[in-house]
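Take a look at the structure set out below.
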Amino acid sequence: MRYRLLLLIIIFNCQFSIVNSASAQDERVQNRPYTDLRPLHFGIVVGTNLQDTEFRNVGLTTLRTGEQSEIYCEQDSWDMGFNVGVLMEARLNQHFALRVAPQLYFGTHNYRFNNVLHPEENRDPKTQSMRAVYVGANLDLIFAAQRWNNHRPYIMAGVAPMINLTNTGNDYIQMKKSEVFVEVGLGCDFYLPFFKLRPELKFMYGLTNALNTNRDIKDDNPILPYASAVDKATNKMIVLSFYFE
């Protein structure tokens, strides 16, 4: 009986030593261990984005001239752009933080118009290529998990008021100068020896009608049927950003 008890004690000690050894191997030296304890963080952000516009087409309509028109506008694909900015992050508690990140978003929108009543025009359809330049101040609430070694995942949500700096002139579609986006996303902090890197993927959706519906277009202007084809436009973005703190 004593030999069995002694054998069990030896086996238990061996297992305990193996578990401790494995745990010690999983734990690594933490880079910048006190960086998240600061009340304020500052940094820069660069990234890339995909932009899209969702239109609500009017369908068959009668213009002011009495002529009937049925034209559908669409953006064929998500167009790629880039963004750059700065950030300030305030620590609220162990898991929550508030971030303000003024940024510039550059991109391009390519629109196509399909004429239902005159399908022969669709062989060479009317198109519009519009460069988009937005400046905004993203306000986000971040919820981060417990830090494990040198990384820390998180989720975020917020709003982003934007000013559209694009000058559309006499284009078929004209956008308003301001709109508001809601944004949700996720990311992960990577603590490197000299700085903290934060890749983040988020989706932005416009809350307001981005289409300028108060344009003064003369009846003899050839863009009238195309400008009257839609009554609402909603901009969307998928943004991949890299934050450096």
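Each chain in the structure tokens gets a letter, A, B, ..., in the order shown, and its residues are numbered from 1; ligands are numbered from 1 in order too.
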
Requested in this report: Can you pull out every residue within 6 Å of Leu186 in chain A, counting only C-alpha atoms, but drop anything in the same chain fewer than 6 positions away, and send it as a list in words?
Outcome: Tyr154, Ile155, Met156, Glu200 and Leu201 of chain A

Report task. Check range 27-230 of chain A with DSSP on the backbone and list each residue it calls strand (DSSP E), as a ChimeraX atom specification. Result -> /A:40-57,61-62,68-69,71-75,79-91,96-115,126-144,151-164,178-191,196-206,230

Please produce, as JSON lines, a per-residue contact table for range 16-94 of chain A versus range 193-199 of chain A (criterion: any atom at most 9 Å away, only C-alpha atoms considered), showing the nearest atom pair and its distance in Å to one decimal, sorted by chain then residue number.
{"residue": "A:Gln30", "atom": "CA", "partner": "A:Pro193", "partner_atom": "CA", "distance": 8.8}
{"residue": "A:Asn31", "atom": "CA", "partner": "A:Pro193", "partner_atom": "CA", "distance": 5.3}
{"residue": "A:Arg32", "atom": "CA", "partner": "A:Pro193", "partner_atom": "CA", "distance": 6.6}
{"residue": "A:Thr35", "atom": "CA", "partner": "A:Lys196", "partner_atom": "CA", "distance": 8.5}

Query - Distance query Asn83 in chain A at most 10 Å, only C-alpha atoms, self and fewer than 6 positions along chain excluded, as a count of residues only - result: 16

Near Pro102 in chain A, counting only C-alpha atoms, which residues have an atom at most 10 Å away, once you skip same-chain residues fewer than 6 positions from it, shown as a PDB file with N, CA, C and O atoms, in the first residue's frame?
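Result saved to part.pdb:
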ATOM      1  N   ILE A  44      -0.982  57.340 -35.377  1.00  0.00           N
ATOM      2  CA  ILE A  44      -1.365  57.612 -36.763  1.00  0.00           C
ATOM      3  C   ILE A  44      -2.052  56.378 -37.327  1.00  0.00           C
ATOM      4  O   ILE A  44      -1.918  55.270 -36.788  1.00  0.00           O
ATOM      5  N   VAL A  45      -2.788  56.592 -38.409  1.00  0.00           N
ATOM      6  CA  VAL A  45      -3.506  55.488 -39.045  1.00  0.00           C
ATOM      7  C   VAL A  45      -3.379  55.623 -40.554  1.00  0.00           C
ATOM      8  O   VAL A  45      -3.486  56.721 -41.111  1.00  0.00           O
ATOM      9  N   VAL A  84      -5.997  57.996 -44.505  1.00  0.00           N
ATOM     10  CA  VAL A  84      -4.878  58.359 -43.646  1.00  0.00           C
ATOM     11  C   VAL A  84      -5.392  59.332 -42.598  1.00  0.00           C
ATOM     12  O   VAL A  84      -6.317  60.111 -42.855  1.00  0.00           O
ATOM     13  N   GLY A  85      -4.815  59.277 -41.391  1.00  0.00           N
ATOM     14  CA  GLY A  85      -5.273  60.172 -40.335  1.00  0.00           C
ATOM     15  C   GLY A  85      -4.462  60.029 -39.065  1.00  0.00           C
ATOM     16  O   GLY A  85      -3.397  59.397 -39.038  1.00  0.00           O
ATOM     17  N   VAL A  86      -4.969  60.626 -38.010  1.00  0.00           N
ATOM     18  CA  VAL A  86      -4.352  60.568 -36.688  1.00  0.00           C
ATOM     19  C   VAL A  86      -5.403  60.089 -35.701  1.00  0.00           C
ATOM     20  O   VAL A  86      -6.601  60.023 -36.014  1.00  0.00           O
ATOM     21  N   LEU A  87      -4.969  59.749 -34.491  1.00  0.00           N
ATOM     22  CA  LEU A  87      -5.907  59.248 -33.492  1.00  0.00           C
ATOM     23  C   LEU A  87      -5.529  59.720 -32.103  1.00  0.00           C
ATOM     24  O   LEU A  87      -4.355  59.978 -31.797  1.00  0.00           O
ATOM     25  N   MET A  88      -6.550  59.815 -31.278  1.00  0.00           N
ATOM     26  CA  MET A  88      -6.383  60.028 -29.848  1.00  0.00           C
ATOM     27  C   MET A  88      -7.344  59.078 -29.143  1.00  0.00           C
ATOM     28  O   MET A  88      -8.540  59.058 -29.446  1.00  0.00           O
ATOM     29  N   VAL A 135     -13.529  64.000 -45.490  1.00  0.00           N
ATOM     30  CA  VAL A 135     -12.797  64.292 -44.270  1.00  0.00           C
ATOM     31  C   VAL A 135     -13.789  64.150 -43.127  1.00  0.00           C
ATOM     32  O   VAL A 135     -14.907  64.664 -43.184  1.00  0.00           O
ATOM     33  N   GLY A 136     -13.387  63.410 -42.103  1.00  0.00           N
ATOM     34  CA  GLY A 136     -14.308  63.148 -41.004  1.00  0.00           C
ATOM     35  C   GLY A 136     -13.581  62.896 -39.709  1.00  0.00           C
ATOM     36  O   GLY A 136     -12.347  62.740 -39.670  1.00  0.00           O
ATOM     37  N   ALA A 137     -14.354  62.858 -38.634  1.00  0.00           N
ATOM     38  CA  ALA A 137     -13.820  62.589 -37.298  1.00  0.00           C
ATOM     39  C   ALA A 137     -14.566  61.389 -36.727  1.00  0.00           C
ATOM     40  O   ALA A 137     -15.696  61.523 -36.252  1.00  0.00           O
ATOM     41  N   ASN A 138     -13.945  60.225 -36.810  1.00  0.00           N
ATOM     42  CA  ASN A 138     -14.572  59.004 -36.313  1.00  0.00           C
ATOM     43  C   ASN A 138     -14.554  58.991 -34.791  1.00  0.00           C
ATOM     44  O   ASN A 138     -13.504  59.176 -34.165  1.00  0.00           O
ATOM     45  N   LEU A 139     -15.707  58.756 -34.185  1.00  0.00           N
ATOM     46  CA  LEU A 139     -15.841  58.656 -32.737  1.00  0.00           C
ATOM     47  C   LEU A 139     -16.278  57.232 -32.409  1.00  0.00           C
ATOM     48  O   LEU A 139     -17.407  56.836 -32.726  1.00  0.00           O
ATOM     49  N   ALA A 160     -19.395  58.416 -37.580  1.00  0.00           N
ATOM     50  CA  ALA A 160     -18.380  59.173 -38.305  1.00  0.00           C
ATOM     51  C   ALA A 160     -19.052  60.253 -39.144  1.00  0.00           C
ATOM     52  O   ALA A 160     -19.492  59.978 -40.272  1.00  0.00           O
ATOM     53  N   PRO A 161     -19.157  61.483 -38.630  1.00  0.00           N
ATOM     54  CA  PRO A 161     -19.627  62.597 -39.471  1.00  0.00           C
ATOM     55  C   PRO A 161     -18.583  62.899 -40.552  1.00  0.00           C
ATOM     56  O   PRO A 161     -17.379  62.945 -40.271  1.00  0.00           O
ATOM     57  N   MET A 162     -19.049  63.087 -41.789  1.00  0.00           N
ATOM     58  CA  MET A 162     -18.144  63.294 -42.920  1.00  0.00           C
ATOM     59  C   MET A 162     -18.510  64.556 -43.691  1.00  0.00           C
ATOM     60  O   MET A 162     -19.684  64.910 -43.799  1.00  0.00           O
TER      61      MET A 162
END

Query raised in the report: Could you pull the residues within 8 Å of range 147-150 of chain A, counting only C-alpha atoms, minus those fewer than 5 positions along the same chain, as a VMD selection string?
Result: chain A and resid 27 to 31 189 to 192

Query - Å distance separating CA of Asn110 in chain A from CA of Thr53 in chain A, one decimal place - result: 9.3 Å

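The shortest atom-to-atom distance to Gly66 in chain A, with only C-alpha atoms taken into account, belongs to A:Asp219 out of A:Asp219, A:Asp140, A:Glu121, A:Asp79.
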
Query - Non-local contacts of Phe203 in chain A (6 Å; only C-alpha atoms; under 3 positions in same chain excluded) as a PyMOL selection string - result: chain A and resi 183-184+237-238

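Among the residues of range 83-245 of chain A, backbone DSSP assigns helix (DSSP H, G or I) to Pro119, Glu120, Glu121, Asn122, Arg123, Leu224, Pro225, Tyr226 and Ala227 of chain A.
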
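Nearest residue to Trp78 in chain A among A:Ala144, A:Lys236, A:Lys126, A:Pro39 is A:Lys236, counting only C-alpha atoms.
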
Report task. Could you tell me which of A:Ser69, A:Gln94, A:Ser129, A:Thr234 comes closest to Tyr172 in chain A if we count only C-alpha atoms? Result -> A:Ser129

Requested in this report: Name the residues in contact with Ala210 in chain A at a cut-off of 8 Å, using only C-alpha atoms, excluding same-chain residues fewer than 5 positions from it; report them as a PyMOL selection string.
Outcome: chain A and resi 175-176+178-179+232-235

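Picture a line from CA of Asp216 in chain A to CA of Asn170 in chain A; it runs 10.7 Å.
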
**Report entry** Residue among A:Asn57, A:Gln146, A:Arg215, A:Tyr72 lying closest to Pro125 in chain A, counting only C-alpha atoms
**Finding:** A:Tyr72

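Minimum distance to Gln128 in chain A across A:Met80, A:Leu141, A:Cys73, A:Ala90 (counting only C-alpha atoms) occurs at A:Cys73.
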